[in-house]
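Colleague: Input: one structure, supplied below.
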Amino acid sequence: MTILYEDNHIIIVNKTCSEIVQADKTGDTPLSETVKNYIKEKYNKPGNVFVGVPHRLDRPVSGIVVFARTDKALSRLNEMFRTHQIRKTYWAIVKDAPNPPAAELTHYLIRKEKMNKSFAYDKEVRDSKKSILSYKTIARSDKYFLLEIELQTGRHHQIRCQLAKIGSPIKGDLKYGAARSNPDGGICLHARSVEFIHPVSQEKISIVAPLPENDVLWRVLSSFVGK
């Protein structure tokens with residue numbers, strides 16, 4: 001965990017692909033608890049420390065996670081995420097080039113909870129939820145393509161599912177059709193940046209999360225961005 005921003009109301013961290021945001025059946029220590037311990041030690045706080053979770057990232061995904069340090073911030077962030085007042089940008093590495101290189105995708109997703117997987121359909125079907133994202137190809141190497149993605153909706157496994165639907169599964173994402181896993185067990189999907197108006201101070205917050213350090217491919221492809 002790396003701290004990217006903190007004040008009295010919010011704290012923003014850069015998650016690794018091995019960390020879970022909230023407690024689950026694995027029993028592993030969640031990132032929310034790590035943040036609580038960090039605040040408790042840094043500020044020498046007695047008793048319980050409040051850390052609210054207004055959004056989540058899948059375990060194998062790295063990048064930005066925003067936590068609330070106060071009830072006021074949590075309730076306002078919850079509403080901001082719900083009404084899409086927070087702009088999140090993701091980077092993903094895929095082996096199979098999307099066609100076209102940039103587009104807006106609209107699918108209808110159904111979540112199968114027992115499988116912990118979502119399925120995308122071109123037309124609305126029973127129990128499906130409309131899911132929209134836009135992507136553009138921002139760099140490429142001999143074998144891989146780097147995509148920048150913005151979500152208009154926030155569905156379960158949305159980016160992973162929609163990219164797989166168009167034949168461009170994320171590198172390392174076996175669940176959605178990648179040929180092989182990554183050595184670290186993660187997938188090449190990174191919550192790269194976030195922009196929003198601070199829920200209390202009303203200042204503009206703009207944060208960029210460094211890319212995973214242990215993956216050479218991230219460094220290679222990012223070096224081509226803008227060229």
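Ordering of the structure tokens sets the chain letters (A, B, ...), residue numbers begin anew at 1 in every chain, and ligands are numbered from 1 in the order given.
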Can you pull out the residues contacting Leu109 in chain A? Cut-off 12 Å, using only C-alpha atoms, and skip same-chain residues under 5 positions away; I want them as a PyMOL selection string.
Modeller: chain A and resi 117-132+153-162+165
Colleague: Among chain A, which residues does DSSP mark as helix (DSSP H, G or I) when it is run on the backbone? Keep the chain and numbering as in the structure and answer as a count of residues only.
Modeller: 42
Colleague: For Ser201 in chain A, find every residue with an atom within 12 Å (counting only C-alpha atoms), except residues of its own chain fewer than 3 positions away, and show them as a VMD selection string.
Modeller: chain A and resid 7 to 10 72 to 73 76 196 to 198 204 to 205
Colleague: Restricting the calculation to only C-alpha atoms, which member of A:Ser181, A:Asn14, A:Asn44, A:Asn78 is positioned closest to Leu57 in chain A?
Modeller: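 For Leu57 in chain A, the nearest of the candidates is A:Asn14.
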